[in-house]
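K.L.:
This is the structure I want to talk about, given as structure tokens.
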Amino acid sequence: MASSSQNTPVSTGENSTNFDSFYTEVKEIEKRDSVLTPSQQIERLMRPGSSYFNLNPFEVLQVDPEASLEEIRKKYKRLSILVHPDKNQDDADRAQEAFEVVNRSWKILESDLSRAKCMEIVEEAKGRTDLSIEEKKKKFKKDGKEYVELSPEEYKRQVYVLTMKLFADMERKRRDLEKRDMEERKRKREQEIDAEEKAKKDKEWQQNFEESRQNRVESWKTFQAGGKKKKSSEPKKVKLFKPPKHKAETR
């Protein structure tokens with residue numbers, strides 16, 4: 001199985017140097033072999049910190065955000081075959097995880113709604129990057145310096161980096177929302193349990209009260225019936241005056 005570091009997204013605040021290094025390595029591998037071997041694809045999807053990149057379904061399937069659904073489907077099928085655990089028996093556990101990552105990314109992009117949300121993130125990244133460039137140009141102009149335009153590759157890299165960060169932000173918000181929802185459902189369930197326990201105790205108290213009241217009524221009736229019977233069967237004794245006993249005189 002992959003280590004825990006492979007399952008925990010990298011913090012968006014991690015040193016950009018590490019990010020750039022990882023990005024460079026990944027892109028070099030892709031440039032060297034656009035298809036990649038099964039073992040290389042598994043390594044790409046499962047290496048430490050990769051789950052940060054795996055939040056971006058376009059990155060997982062190695063497709064351009066502007067690609068058509070048919071193009072995305074073809075790439076998904078190719079990747080799912082490459083990393084399928086049955087095809088990688090020597091690394092079946094990691095292959096299974098990689099296969100699940102690929103499937104999850106395809107399901108996201110297969111849906112028009114979720115794919116549109118992903119495109120919104122990409123467009124936001126482009127918009128922020130363009131805004132940042134314009135602000136730098138203004139600053140350079142104000143300082144009397146010449147601004148050197150970014151190369152297409154560098155521009156693409158900056159958009160890519162920001163896109164990854166936005167996907168990470170979205171995932172963090174989703175988890176926070178999920179956690180709050182879970183806590184709220186737990187709180188409501190605890191309230192329901194408390195209400196059920198209270199209702200149960202109230203019912204038991206009422207039942208015991210009814211039973212004890214019935215016993216009290218029957219006891220009172222028995223007492224009254226017993227008193228009347230005693231009065232009717234036994235005549236009232238009249239206390240008679242008894243003179244003191246006569247003592248003989250002694251001489």
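Chain labels run A, B, ... following the order of the structure tokens; each chain numbers its residues from 1, and ligands are numbered from 1 in the order shown.
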Could you name the residues that touch region 87-97 of chain A at 9 Å or less, counting only C-alpha atoms, but leaving out those on the same chain fewer than 5 positions away, as number ranges by chain?
P.N.:
A: 1-2, 38-39, 42-43, 45-46, 81-82, 102
K.L.:
Would you output that residue set with C-alpha atoms, as a CSV table (one decimal), in the first residue's frame?
P.N.:
```csv
chain,number,residue,atom,x,y,z
A,1,MET,CA,0.0,0.0,0.0
A,2,ALA,CA,1.1,3.6,-0.5
A,38,PRO,CA,2.7,1.4,-16.6
A,39,SER,CA,5.3,1.7,-13.8
A,42,ILE,CA,1.9,4.5,-11.2
A,43,GLU,CA,4.9,6.3,-9.9
A,45,LEU,CA,0.2,9.1,-9.6
A,46,MET,CA,1.4,7.6,-6.3
A,81,ILE,CA,-5.4,0.0,-18.9
A,82,LEU,CA,-1.8,1.0,-18.1
A,102,VAL,CA,-7.8,7.7,-12.7
```
K.L.:
Pick out the residues sitting within 8 Å of Ser105 (chain A), and hand them over as a list in words; count only C-alpha atoms, and ignore anything fewer than 3 positions along from it in its own chain.
P.N.:
Asn56, Pro57, Phe58, Val60, Leu61, Val101, Val102, Ile108 and Leu109 of chain A
K.L.:
Name all residues at most 8 Å from Val122 (chain A) (count only C-alpha atoms; drop same-chain ones fewer than 2 positions away) and give them as a ChimeraX atom specification.
P.N.:
/A:65,118-120,124-126,159,163
